[in-house]
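With mmCIF, C-alpha atoms and all ligand atoms inside, this is coords_30.cif:
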```cif
data_run
loop_
_atom_site.group_PDB
_atom_site.id
_atom_site.type_symbol
_atom_site.label_atom_id
_atom_site.label_comp_id
_atom_site.auth_asym_id
_atom_site.auth_seq_id
_atom_site.Cartn_x
_atom_site.Cartn_y
_atom_site.Cartn_z
ATOM 1 C CA MET A 1 28.256 -0.500 -17.112
ATOM 2 C CA PRO A 2 28.983 2.746 -15.174
ATOM 3 C CA ARG A 3 26.940 5.746 -16.332
ATOM 4 C CA SER A 4 28.456 9.001 -17.547
ATOM 5 C CA PRO A 5 27.759 12.094 -15.345
ATOM 6 C CA GLU A 6 25.161 13.162 -17.979
ATOM 7 C CA GLU A 7 23.392 9.805 -17.819
ATOM 8 C CA ASN A 8 23.746 9.747 -14.067
ATOM 9 C CA GLY A 9 22.110 13.179 -13.787
ATOM 10 C CA SER A 10 24.462 14.089 -10.922
ATOM 11 C CA SER A 11 25.527 17.424 -12.441
ATOM 12 C CA ILE A 12 22.079 18.773 -13.400
ATOM 13 C CA PRO A 13 20.905 21.854 -11.436
ATOM 14 C CA ASP A 14 17.664 21.387 -9.435
ATOM 15 C CA ALA A 15 15.736 23.929 -11.515
ATOM 16 C CA SER A 16 16.647 22.042 -14.698
ATOM 17 C CA VAL A 17 15.660 18.713 -13.128
ATOM 18 C CA ALA A 18 12.188 20.097 -12.398
ATOM 19 C CA ARG A 19 11.816 21.397 -15.977
ATOM 20 C CA LEU A 20 13.185 18.153 -17.466
ATOM 21 C CA ALA A 21 10.446 16.265 -15.602
ATOM 22 C CA THR A 22 7.929 18.581 -17.317
ATOM 23 C CA TYR A 23 9.509 17.970 -20.758
ATOM 24 C CA LEU A 24 9.292 14.240 -20.105
ATOM 25 C CA HIS A 25 5.599 14.537 -19.319
ATOM 26 C CA VAL A 26 4.993 16.627 -22.473
ATOM 27 C CA LEU A 27 7.038 14.241 -24.652
ATOM 28 C CA ARG A 28 4.980 11.299 -23.412
ATOM 29 C CA LEU A 29 1.814 13.167 -24.371
ATOM 30 C CA PHE A 30 3.329 13.874 -27.811
ATOM 31 C CA SER A 31 4.047 10.142 -28.226
ATOM 32 C CA GLU A 32 0.502 9.235 -27.225
ATOM 33 C CA HIS A 33 -0.693 11.549 -30.011
ATOM 34 C CA GLY A 34 1.617 9.953 -32.583
ATOM 35 C CA VAL A 35 4.133 12.834 -32.754
ATOM 36 C CA LEU A 36 7.524 11.439 -33.843
ATOM 37 C CA ILE A 37 9.622 14.615 -34.227
ATOM 38 C CA THR A 38 9.380 17.892 -32.312
ATOM 39 C CA SER A 39 11.160 21.211 -32.620
ATOM 40 C CA SER A 40 12.601 22.941 -29.565
ATOM 41 C CA GLY A 41 10.015 25.706 -30.109
ATOM 42 C CA GLN A 42 7.071 23.259 -30.021
ATOM 43 C CA LEU A 43 8.390 21.480 -26.955
ATOM 44 C CA ALA A 44 9.191 24.765 -25.192
ATOM 45 C CA THR A 45 5.711 26.161 -25.871
ATOM 46 C CA ALA A 46 4.005 22.977 -24.664
ATOM 47 C CA ALA A 47 6.151 23.015 -21.506
ATOM 48 C CA GLY A 48 5.626 26.749 -20.898
ATOM 49 C CA VAL A 49 9.293 27.796 -21.030
ATOM 50 C CA ASN A 50 11.343 29.721 -23.559
ATOM 51 C CA SER A 51 13.385 27.875 -26.191
ATOM 52 C CA ALA A 52 16.760 29.092 -24.902
ATOM 53 C CA ILE A 53 16.098 27.662 -21.439
ATOM 54 C CA LEU A 54 14.854 24.423 -22.976
ATOM 55 C CA ARG A 55 17.992 24.008 -25.101
ATOM 56 C CA LYS A 56 20.182 24.708 -22.064
ATOM 57 C CA ASP A 57 18.246 22.126 -19.991
ATOM 58 C CA LEU A 58 18.501 19.526 -22.749
ATOM 59 C CA SER A 59 22.256 20.106 -23.010
ATOM 60 C CA HIS A 60 22.518 18.781 -19.422
ATOM 61 C CA VAL A 61 21.330 15.390 -20.637
ATOM 62 C CA GLY A 62 23.492 15.505 -23.764
ATOM 63 C CA ALA A 63 20.511 15.875 -26.106
ATOM 64 C CA ASN A 64 21.197 17.884 -29.225
ATOM 65 C CA GLY A 65 18.483 18.272 -31.823
ATOM 66 C CA VAL A 66 19.237 18.169 -35.537
ATOM 67 C CA ARG A 67 19.211 21.706 -36.952
ATOM 68 C CA GLY A 68 16.164 22.209 -39.163
ATOM 69 C CA VAL A 69 14.757 18.817 -38.170
ATOM 70 C CA GLY A 70 14.274 18.852 -34.401
ATOM 71 C CA TYR A 71 14.295 16.123 -31.796
ATOM 72 C CA ASP A 72 13.308 12.503 -32.188
ATOM 73 C CA VAL A 73 10.538 12.268 -29.548
ATOM 74 C CA ARG A 74 11.232 8.637 -28.596
ATOM 75 C CA ARG A 75 14.993 9.089 -28.243
ATOM 76 C CA LEU A 76 14.678 12.342 -26.319
ATOM 77 C CA THR A 77 12.150 10.722 -23.962
ATOM 78 C CA ALA A 78 14.544 7.830 -23.306
ATOM 79 C CA ARG A 79 17.480 10.175 -22.719
ATOM 80 C CA ILE A 80 15.646 12.366 -20.195
ATOM 81 C CA ALA A 81 14.135 9.316 -18.467
ATOM 82 C CA LEU A 82 17.623 7.847 -18.072
ATOM 83 C CA ALA A 83 19.061 11.083 -16.645
ATOM 84 C CA LEU A 84 16.148 11.521 -14.227
ATOM 85 C CA HIS A 85 16.322 7.856 -13.180
ATOM 86 C CA THR A 86 12.618 7.478 -13.867
ATOM 87 C CA GLU A 87 13.181 3.833 -14.677
ATOM 88 C CA ASP A 88 13.932 3.412 -10.951
ATOM 89 C CA THR A 89 11.013 3.008 -8.593
ATOM 90 C CA HIS A 90 10.884 4.935 -5.315
ATOM 91 C CA ASN A 91 9.200 4.026 -2.076
ATOM 92 C CA VAL A 92 7.609 7.036 -0.453
ATOM 93 C CA ALA A 93 6.483 7.479 3.168
ATOM 94 C CA LEU A 94 3.879 10.071 4.060
ATOM 95 C CA ALA A 95 3.610 11.665 7.517
ATOM 96 C CA GLY A 96 0.248 13.264 8.244
ATOM 97 C CA ALA A 97 -2.969 11.509 7.234
ATOM 98 C CA GLY A 98 -5.063 14.691 7.329
ATOM 99 C CA PHE A 99 -6.823 16.391 4.397
ATOM 100 C CA LEU A 100 -3.631 17.058 2.477
ATOM 101 C CA GLY A 101 -1.971 13.731 3.275
ATOM 102 C CA ARG A 102 -4.962 11.792 2.003
ATOM 103 C CA ALA A 103 -5.225 13.894 -1.157
ATOM 104 C CA LEU A 104 -1.524 13.309 -1.825
ATOM 105 C CA LEU A 105 -1.918 9.602 -1.187
ATOM 106 C CA ALA A 106 -4.591 9.388 -3.865
ATOM 107 C CA HIS A 107 -2.445 11.118 -6.482
ATOM 108 C CA THR A 108 1.244 10.599 -5.723
ATOM 109 C CA GLY A 109 3.321 9.028 -8.418
ATOM 110 C CA LEU A 110 0.558 7.838 -10.698
ATOM 111 C CA GLY A 111 2.549 6.000 -13.354
ATOM 112 C CA ARG A 112 5.772 7.844 -12.595
ATOM 113 C CA GLY A 113 7.634 5.296 -10.536
ATOM 114 C CA PHE A 114 6.641 6.445 -7.032
ATOM 115 C CA THR A 115 4.716 4.252 -4.617
ATOM 116 C CA VAL A 116 3.499 5.388 -1.216
ATOM 117 C CA VAL A 117 4.363 2.375 0.927
ATOM 118 C CA ALA A 118 3.787 3.810 4.425
ATOM 119 C CA MET A 119 1.645 6.490 6.040
ATOM 120 C CA PHE A 120 1.991 7.806 9.591
ATOM 121 C CA ASP A 121 -0.034 9.893 12.003
ATOM 122 C CA THR A 122 -0.314 10.462 15.751
ATOM 123 C CA ASP A 123 -4.104 10.737 15.890
ATOM 124 C CA PRO A 124 -5.467 7.569 17.580
ATOM 125 C CA ASP A 125 -8.649 7.922 15.500
ATOM 126 C CA LEU A 126 -6.621 7.684 12.286
ATOM 127 C CA ILE A 127 -4.099 5.015 13.284
ATOM 128 C CA GLY A 128 -5.232 1.653 11.929
ATOM 129 C CA THR A 129 -7.529 3.273 9.341
ATOM 130 C CA THR A 130 -6.953 2.209 5.732
ATOM 131 C CA PHE A 131 -6.961 4.416 2.628
ATOM 132 C CA PRO A 132 -6.736 3.394 -1.030
ATOM 133 C CA ALA A 133 -3.316 3.971 -2.607
ATOM 134 C CA ALA A 134 -2.525 2.849 -6.159
ATOM 135 C CA GLY A 135 -4.802 -0.162 -6.030
ATOM 136 C CA VAL A 136 -3.889 -1.293 -2.504
ATOM 137 C CA GLU A 137 -5.201 -0.359 0.928
ATOM 138 C CA LEU A 138 -2.609 1.464 3.040
ATOM 139 C CA THR A 139 -2.934 1.411 6.832
ATOM 140 C CA VAL A 140 -2.081 4.531 8.857
ATOM 141 C CA GLU A 141 0.714 3.522 11.249
ATOM 142 C CA PRO A 142 1.702 5.250 14.509
ATOM 143 C CA MET A 143 4.612 7.702 14.297
ATOM 144 C CA THR A 144 6.413 5.625 16.930
ATOM 145 C CA ASP A 145 6.844 2.830 14.353
ATOM 146 C CA LEU A 146 8.242 5.138 11.653
ATOM 147 C CA ALA A 147 11.856 3.865 11.679
ATOM 148 C CA GLU A 148 10.808 0.229 11.636
ATOM 149 C CA HIS A 149 8.446 0.696 8.659
ATOM 150 C CA CYS A 150 10.859 2.880 6.694
ATOM 151 C CA ALA A 151 13.599 0.248 7.030
ATOM 152 C CA ALA A 152 11.332 -2.701 6.265
ATOM 153 C CA LYS A 153 9.783 -1.032 3.205
ATOM 154 C CA GLY A 154 12.949 0.552 1.809
ATOM 155 C CA VAL A 155 11.625 4.115 1.990
ATOM 156 C CA ASP A 156 13.898 6.563 0.159
ATOM 157 C CA ILE A 157 11.637 9.651 -0.044
ATOM 158 C CA ALA A 158 9.474 11.139 2.731
ATOM 159 C CA VAL A 159 6.623 13.616 2.512
ATOM 160 C CA VAL A 160 5.852 15.816 5.531
ATOM 161 C CA ALA A 161 2.175 16.849 5.564
ATOM 162 C CA THR A 162 1.664 17.038 9.329
ATOM 163 C CA SER A 163 0.533 20.052 11.298
ATOM 164 C CA ASP A 164 3.224 22.743 11.360
ATOM 165 C CA ALA A 165 3.827 22.287 15.102
ATOM 166 C CA ILE A 166 5.463 18.890 14.708
ATOM 167 C CA ALA A 167 6.980 19.269 11.215
ATOM 168 C CA GLN A 168 10.594 19.572 12.414
ATOM 169 C CA GLN A 169 10.196 16.653 14.787
ATOM 170 C CA THR A 170 8.735 14.548 11.962
ATOM 171 C CA CYS A 171 11.575 15.532 9.651
ATOM 172 C CA ASP A 172 14.101 14.525 12.352
ATOM 173 C CA ALA A 173 12.400 11.140 12.721
ATOM 174 C CA PHE A 174 12.708 10.486 8.983
ATOM 175 C CA VAL A 175 16.363 11.531 8.993
ATOM 176 C CA ARG A 176 17.090 9.229 11.960
ATOM 177 C CA ALA A 177 15.384 6.470 9.956
ATOM 178 C CA GLY A 178 17.903 7.026 7.140
ATOM 179 C CA VAL A 179 15.678 8.952 4.694
ATOM 180 C CA ARG A 180 17.665 11.613 2.807
ATOM 181 C CA GLN A 181 15.028 13.106 0.448
ATOM 182 C CA ILE A 182 12.152 15.031 2.007
ATOM 183 C CA LEU A 183 9.255 16.907 0.414
ATOM 184 C CA ASN A 184 7.937 19.473 2.884
ATOM 185 C CA PHE A 185 4.339 20.705 2.546
ATOM 186 C CA THR A 186 4.227 22.496 5.898
ATOM 187 C CA THR A 187 4.965 26.200 6.255
ATOM 188 C CA VAL A 188 7.900 25.445 8.577
ATOM 189 C CA SER A 189 11.405 25.915 7.236
ATOM 190 C CA LEU A 190 12.939 22.537 8.064
ATOM 191 C CA HIS A 191 16.559 22.297 9.235
ATOM 192 C CA THR A 192 18.719 19.262 8.925
ATOM 193 C CA THR A 193 22.191 18.033 7.983
ATOM 194 C CA SER A 194 23.688 18.951 4.619
ATOM 195 C CA ASP A 195 23.369 15.412 3.253
ATOM 196 C CA VAL A 196 19.564 15.653 3.436
ATOM 197 C CA HIS A 197 17.756 17.241 0.515
ATOM 198 C CA ILE A 198 14.578 19.122 1.436
ATOM 199 C CA ARG A 199 12.177 20.538 -1.144
ATOM 200 C CA PRO A 200 9.464 22.869 0.112
ATOM 201 C CA VAL A 201 6.111 23.022 -1.680
ATOM 202 C CA ASP A 202 4.000 26.116 -1.093
ATOM 203 C CA LEU A 203 0.811 26.608 -3.097
ATOM 204 C CA ALA A 204 0.231 30.042 -1.551
ATOM 205 C CA LEU A 205 3.642 31.163 -2.793
ATOM 206 C CA GLU A 206 2.843 29.976 -6.326
ATOM 207 C CA LEU A 207 -0.492 31.834 -6.176
ATOM 208 C CA GLN A 208 1.335 34.956 -5.004
ATOM 209 C CA VAL A 209 3.590 34.778 -8.067
ATOM 210 C CA LEU A 210 0.527 34.484 -10.324
ATOM 211 C CA ALA A 211 -1.224 37.319 -8.475
ATOM 212 C CA PHE A 212 1.865 39.485 -8.930
ATOM 213 C CA ASN A 213 1.935 38.672 -12.662
ATOM 214 C CA ALA A 214 -1.782 39.454 -12.931
ATOM 215 C CA SER A 215 -1.360 42.884 -11.273
ATOM 216 C CA ARG A 216 1.730 43.645 -13.356
ATOM 217 C CA ASN A 217 -0.106 42.728 -16.589
ATOM 218 C CA ALA A 218 -3.086 44.866 -15.546
ATOM 219 C CA GLY A 219 -0.682 47.757 -14.840
ATOM 220 C CA GLU A 220 0.939 47.318 -18.256
ATOM 221 C CA GLU A 221 -2.446 47.332 -19.987
ATOM 222 C CA LEU A 222 -3.359 50.567 -18.220
ATOM 223 C CA THR A 223 -0.139 52.277 -19.250
ATOM 224 C CA THR A 224 -0.162 50.985 -22.848
ATOM 225 C CA LYS A 225 -3.874 51.544 -23.708
ATOM 226 C CA PRO A 226 -4.499 54.832 -25.581
ATOM 227 C CA ALA A 227 -6.447 57.199 -23.382
ATOM 228 C CA ALA A 228 -10.105 57.858 -24.316
ATOM 229 C CA ASP A 229 -9.353 61.527 -25.031
ATOM 230 C CA SER A 230 -7.022 60.356 -27.864
ATOM 231 C CA ALA A 231 -3.873 61.576 -26.132
ATOM 232 C CA PRO A 232 -0.744 60.494 -28.070
ATOM 233 C CA GLN A 233 0.525 56.997 -27.243
ATOM 234 C CA MET A 234 3.703 56.732 -25.205
ATOM 235 C CA SER A 235 6.892 55.632 -26.907
ATOM 236 C CA THR A 236 8.512 52.400 -25.743
ATOM 237 C CA ALA A 237 11.081 54.426 -23.810
ATOM 238 C CA GLN A 238 8.381 56.466 -22.073
ATOM 239 C CA ARG A 239 6.410 53.314 -21.349
ATOM 240 C CA SER A 240 9.322 51.547 -19.727
ATOM 241 C CA VAL A 241 9.824 54.552 -17.437
ATOM 242 C CA ALA A 242 6.125 54.663 -16.636
ATOM 243 C CA VAL A 243 6.038 50.892 -15.768
HETATM 244 N N1 LIG B 301 2.198 23.395 0.828
HETATM 245 C C1 LIG B 301 0.979 23.785 0.633
HETATM 246 O O1 LIG B 301 0.688 24.435 -0.339
HETATM 247 C C2 LIG B 301 -0.063 23.413 1.654
HETATM 248 C C3 LIG B 301 -1.411 23.392 1.330
HETATM 249 C C4 LIG B 301 -2.307 22.976 2.331
HETATM 250 C C5 LIG B 301 -1.839 22.624 3.586
HETATM 251 N N2 LIG B 301 -0.509 22.702 3.857
HETATM 252 C C6 LIG B 301 0.054 22.302 5.146
HETATM 253 O O2 LIG B 301 0.000 20.880 5.191
HETATM 254 C C7 LIG B 301 -0.158 20.462 6.525
HETATM 255 C C8 LIG B 301 -1.349 19.529 6.630
HETATM 256 O O3 LIG B 301 -2.548 20.199 6.258
HETATM 257 P P1 LIG B 301 -3.952 19.470 6.391
HETATM 258 O O4 LIG B 301 -4.945 20.358 5.815
HETATM 259 O O5 LIG B 301 -3.830 18.079 5.881
HETATM 260 O O6 LIG B 301 -4.120 19.461 7.985
HETATM 261 P P2 LIG B 301 -4.874 18.394 8.861
HETATM 262 O O7 LIG B 301 -5.046 19.015 10.204
HETATM 263 O O8 LIG B 301 -6.054 17.845 8.137
HETATM 264 O O9 LIG B 301 -3.821 17.215 8.956
HETATM 265 C C9 LIG B 301 -2.650 17.264 9.718
HETATM 266 C C10 LIG B 301 -2.411 15.844 10.160
HETATM 267 O O10 LIG B 301 -1.155 15.767 10.810
HETATM 268 C C11 LIG B 301 -1.342 14.879 11.866
HETATM 269 N N3 LIG B 301 -0.251 14.936 12.826
HETATM 270 C C12 LIG B 301 -0.123 15.730 13.904
HETATM 271 N N4 LIG B 301 1.014 15.425 14.546
HETATM 272 C C13 LIG B 301 1.613 14.438 13.827
HETATM 273 C C14 LIG B 301 2.804 13.725 13.955
HETATM 274 N N5 LIG B 301 3.642 13.939 14.989
HETATM 275 N N6 LIG B 301 3.131 12.818 13.023
HETATM 276 C C15 LIG B 301 2.313 12.572 12.003
HETATM 277 N N7 LIG B 301 1.162 13.208 11.830
HETATM 278 C C16 LIG B 301 0.819 14.134 12.722
HETATM 279 C C17 LIG B 301 -2.678 15.212 12.454
HETATM 280 O O11 LIG B 301 -3.181 14.177 13.261
HETATM 281 C C18 LIG B 301 -3.457 15.368 11.164
HETATM 282 O O12 LIG B 301 -3.971 14.146 10.745
HETATM 283 C C19 LIG B 301 -0.279 21.737 7.361
HETATM 284 O O13 LIG B 301 1.005 22.017 7.897
HETATM 285 C C20 LIG B 301 -0.667 22.800 6.359
HETATM 286 O O14 LIG B 301 -0.188 24.081 6.734
HETATM 287 C C21 LIG B 301 0.364 23.079 2.896
#
```
Entire entry expressed as structure tokens:
Amino acid sequence: MPRSPEENGSSIPDASVARLATYLHVLRLFSEHGVLITSSGQLATAAGVNSAILRKDLSHVGANGVRGVGYDVRRLTARIALALHTEDTHNVALAGAGFLGRALLAHTGLGRGFTVVAMFDTDPDLIGTTFPAAGVELTVEPMTDLAEHCAAKGVDIAVVATSDAIAQQTCDAFVRAGVRQILNFTTVSLHTTSDVHIRPVDLALELQVLAFNASRNAGEELTTKPAADSAPQMSTAQRSVAV
């Protein structure tokens, strides 16, 4: 039976998709702990977002809680899983078998429907080496065989964890091989055709956001703490000017 746009997930903004994946993770933890019903406030707090954003995100999957009661954890889990297509399995290819590539291989998709089925590198010392991946041994293949392996193994998502110098070239190889979803760990801004979806991941950027929050909070504490010489506290209006 054809799915509605809500069930299909085709109309959900990217930012909501990322948060919905977090709600799904939290809901599964709730279930494991025997929680049957949750309020939007509880779910929002556990997911680290505010309730208004959570309700807006859940509206994209057609989930409406019962006022004063909350959400049925099992039904909400099923609804989000359907919209995010988590019942589908995805075959992932990883380019770059260096430090990061190997760490990703060990952790990608654990129980979430993703399987790394191919790994590529150009280093002759790495090609032919095997690494454990979800209970199987995965052999590092040469980049020259990328298209062949991607086709044979039905790869639909690629991860670029090569050195920056060859990131674009690696991305192009995946696109030529028919892959349309690419997760980019390099610092290079990858360019490709509009039908290819690229998501950059940058830990340093995330740390910068946290560092900014830390300095801002420290600044707020300084401006809101009463001075030792018992000077009068600033009013909210004064404080907002001072910050
Ligand atoms: N996004 C982040 O937060 C984050 C964090 C750490 C590292 N990185 C980036 O991830 C990348 C990998 O980091 P690393 O520490 O694993 O480096 P690394 O040097 O250990 O590994 C890079 C690997 O890429 C391989 N390689 C080179 N050319 C290739 C090609 N044409 N095809 C396939 N593989 C090729 C190298 O042989 C090497 O094995 C770097 O670009 C680094 O800047 C990003």
Evaluating the PyMOL selection byres (((not hetatm)) within 9 of (chain B and resi 301)) on the displayed file yields which residues, as number ranges by chain? A: 94-103, 119-126, 142-144, 160-167, 169-170, 184-188, 200-206
Shell around Ala46 of chain A at 10 Å using all atoms listed in the file, local window under 5 positions removed, as a VMD selection string: chain A and resid 22 to 23 26 to 27 30 40 to 41
At what distance in Å, to one decimal, does atom CA of Thr38 of chain A lie from atom CA of Arg67 of chain A? 11.5 Å
Applied to the shown file, which residues does the PyMOL selection byres (((chain A and resi 64) around 12) and not hetatm) return, written as a list in words?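 That expression, the PyMOL selection byres (((chain A and resi 64) around 12) and not hetatm), corresponds here to Ser39, Ser40, Leu54, Arg55, Lys56, Asp57, Leu58, Ser59, His60, Val61, Gly62, Ala63, Gly65, Val66, Arg67, Gly68, Val69, Gly70, Tyr71, Asp72, Arg75, Leu76, Arg79 and Ile80 of chain A.
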With C-alpha atoms kept, could you save the residues just selected as a short mmCIF file (atom, residue, chain, number, x, y, z; two decimals), in the frame of the given file?
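The result, written out as out-v8.cif:
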```
data_model
loop_
_atom_site.label_atom_id
_atom_site.label_comp_id
_atom_site.auth_asym_id
_atom_site.auth_seq_id
_atom_site.Cartn_x
_atom_site.Cartn_y
_atom_site.Cartn_z
CA SER A 39 11.16 21.21 -32.62
CA SER A 40 12.60 22.94 -29.56
CA LEU A 54 14.85 24.42 -22.98
CA ARG A 55 17.99 24.01 -25.10
CA LYS A 56 20.18 24.71 -22.06
CA ASP A 57 18.25 22.13 -19.99
CA LEU A 58 18.50 19.53 -22.75
CA SER A 59 22.26 20.11 -23.01
CA HIS A 60 22.52 18.78 -19.42
CA VAL A 61 21.33 15.39 -20.64
CA GLY A 62 23.49 15.50 -23.76
CA ALA A 63 20.51 15.88 -26.11
CA GLY A 65 18.48 18.27 -31.82
CA VAL A 66 19.24 18.17 -35.54
CA ARG A 67 19.21 21.71 -36.95
CA GLY A 68 16.16 22.21 -39.16
CA VAL A 69 14.76 18.82 -38.17
CA GLY A 70 14.27 18.85 -34.40
CA TYR A 71 14.30 16.12 -31.80
CA ASP A 72 13.31 12.50 -32.19
CA ARG A 75 14.99 9.09 -28.24
CA LEU A 76 14.68 12.34 -26.32
CA ARG A 79 17.48 10.18 -22.72
CA ILE A 80 15.65 12.37 -20.20
#
```
Between atom CA of Ala83 of chain A and atom CA of Leu24 of chain A, distance in Å (one decimal):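 Computing it gives 10.8 Å between the two atoms.
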So that I can check the surroundings of Asp88 of chain A, please list as a list in words every protein, DNA and RNA residue that reaches within 10 Å of it, counting only C-alpha atoms and ignoring chain neighbours fewer than 3 positions away. Ala81, Leu82, Leu84, His85, Arg112, Gly113 and Phe114 of chain A
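Interatomic distance, atom CA of Val49 of chain A against atom CA of Leu210 of chain A: 15.4 Å.
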List the neighbours of Phe174 of chain A out to 10 Å using all atoms listed in the file; skip same-chain residues closer than 3 positions along the sequence, and give me the result as a PDB file with C-alpha atoms, in the frame of the given file.
```pdb
ATOM      1  CA  ALA A  93       6.483   7.479   3.168  1.00  0.00           C
ATOM      2  CA  ALA A  95       3.610  11.665   7.517  1.00  0.00           C
ATOM      3  CA  LEU A 146       8.242   5.138  11.653  1.00  0.00           C
ATOM      4  CA  ALA A 147      11.856   3.865  11.679  1.00  0.00           C
ATOM      5  CA  CYS A 150      10.859   2.880   6.694  1.00  0.00           C
ATOM      6  CA  VAL A 155      11.625   4.115   1.990  1.00  0.00           C
ATOM      7  CA  ASP A 156      13.898   6.563   0.159  1.00  0.00           C
ATOM      8  CA  ILE A 157      11.637   9.651  -0.044  1.00  0.00           C
ATOM      9  CA  ALA A 158       9.474  11.139   2.731  1.00  0.00           C
ATOM     10  CA  VAL A 159       6.623  13.616   2.512  1.00  0.00           C
ATOM     11  CA  VAL A 160       5.852  15.816   5.531  1.00  0.00           C
ATOM     12  CA  GLN A 168      10.594  19.572  12.414  1.00  0.00           C
ATOM     13  CA  GLN A 169      10.196  16.653  14.787  1.00  0.00           C
ATOM     14  CA  THR A 170       8.735  14.548  11.962  1.00  0.00           C
ATOM     15  CA  CYS A 171      11.575  15.532   9.651  1.00  0.00           C
ATOM     16  CA  ALA A 177      15.384   6.470   9.956  1.00  0.00           C
ATOM     17  CA  GLY A 178      17.903   7.026   7.140  1.00  0.00           C
ATOM     18  CA  VAL A 179      15.678   8.952   4.694  1.00  0.00           C
ATOM     19  CA  ARG A 180      17.665  11.613   2.807  1.00  0.00           C
ATOM     20  CA  GLN A 181      15.028  13.106   0.448  1.00  0.00           C
ATOM     21  CA  ILE A 182      12.152  15.031   2.007  1.00  0.00           C
TER      22      ILE A 182
END
```
Exactly which residues make up the result of the PyMOL selection byres (((chain A and resi 195) around 10) and not hetatm) on this file, given as a PyMOL selection string? chain A and resi 175+180-181+192-194+196-198
Determine, counting only C-alpha atoms, which protein, DNA and RNA residues have an atom within 8 Å of an atom of Pro132 of chain A; residues of the same chain fewer than 3 positions away are not included. Present the result as JSON, numbers by chain. {"A": [105, 106, 135, 136, 137, 138]}
Using the file's own x, y and z axes, what box holds all listed atoms of segment 68-79 of chain A with 6 Å on each side, keeping edges along x, y and z, and what are its centre and edge lengths in Å to one decimal, as AutoDock Vina command-line options?
```
--center_x 14.0 --center_y 15.0 --center_z -30.9 --size_x 18.9 --size_y 26.4 --size_z 28.4
```
In terms of all atoms listed in the file, the residue from A:Ile53, A:Thr86, A:Glu148, A:Ala133 at minimal distance from Ala21 of chain A is A:Thr86
Could you name the residues that touch Thr139 of chain A at 8 Å or less, counting all atoms listed in the file, but leaving out those on the same chain fewer than 4 positions away, as a PDB file with C-alpha atoms, keeping the file's coordinate frame?
```pdb
ATOM      1  CA  ALA A 118       3.787   3.810   4.425  1.00  0.00           C
ATOM      2  CA  MET A 119       1.645   6.490   6.040  1.00  0.00           C
ATOM      3  CA  ILE A 127      -4.099   5.015  13.284  1.00  0.00           C
ATOM      4  CA  GLY A 128      -5.232   1.653  11.929  1.00  0.00           C
ATOM      5  CA  THR A 129      -7.529   3.273   9.341  1.00  0.00           C
ATOM      6  CA  THR A 130      -6.953   2.209   5.732  1.00  0.00           C
ATOM      7  CA  PHE A 131      -6.961   4.416   2.628  1.00  0.00           C
TER       8      PHE A 131
END
```
Pick the closest to His107 of chain A from A:Ala15, A:Ala151, A:Leu43, A:Ala134: which is it, counting all atoms listed in the file?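 Checking each of A:Ala15, A:Ala151, A:Leu43, A:Ala134 against His107 of chain A, counting all atoms listed in the file, the winner is A:Ala134.
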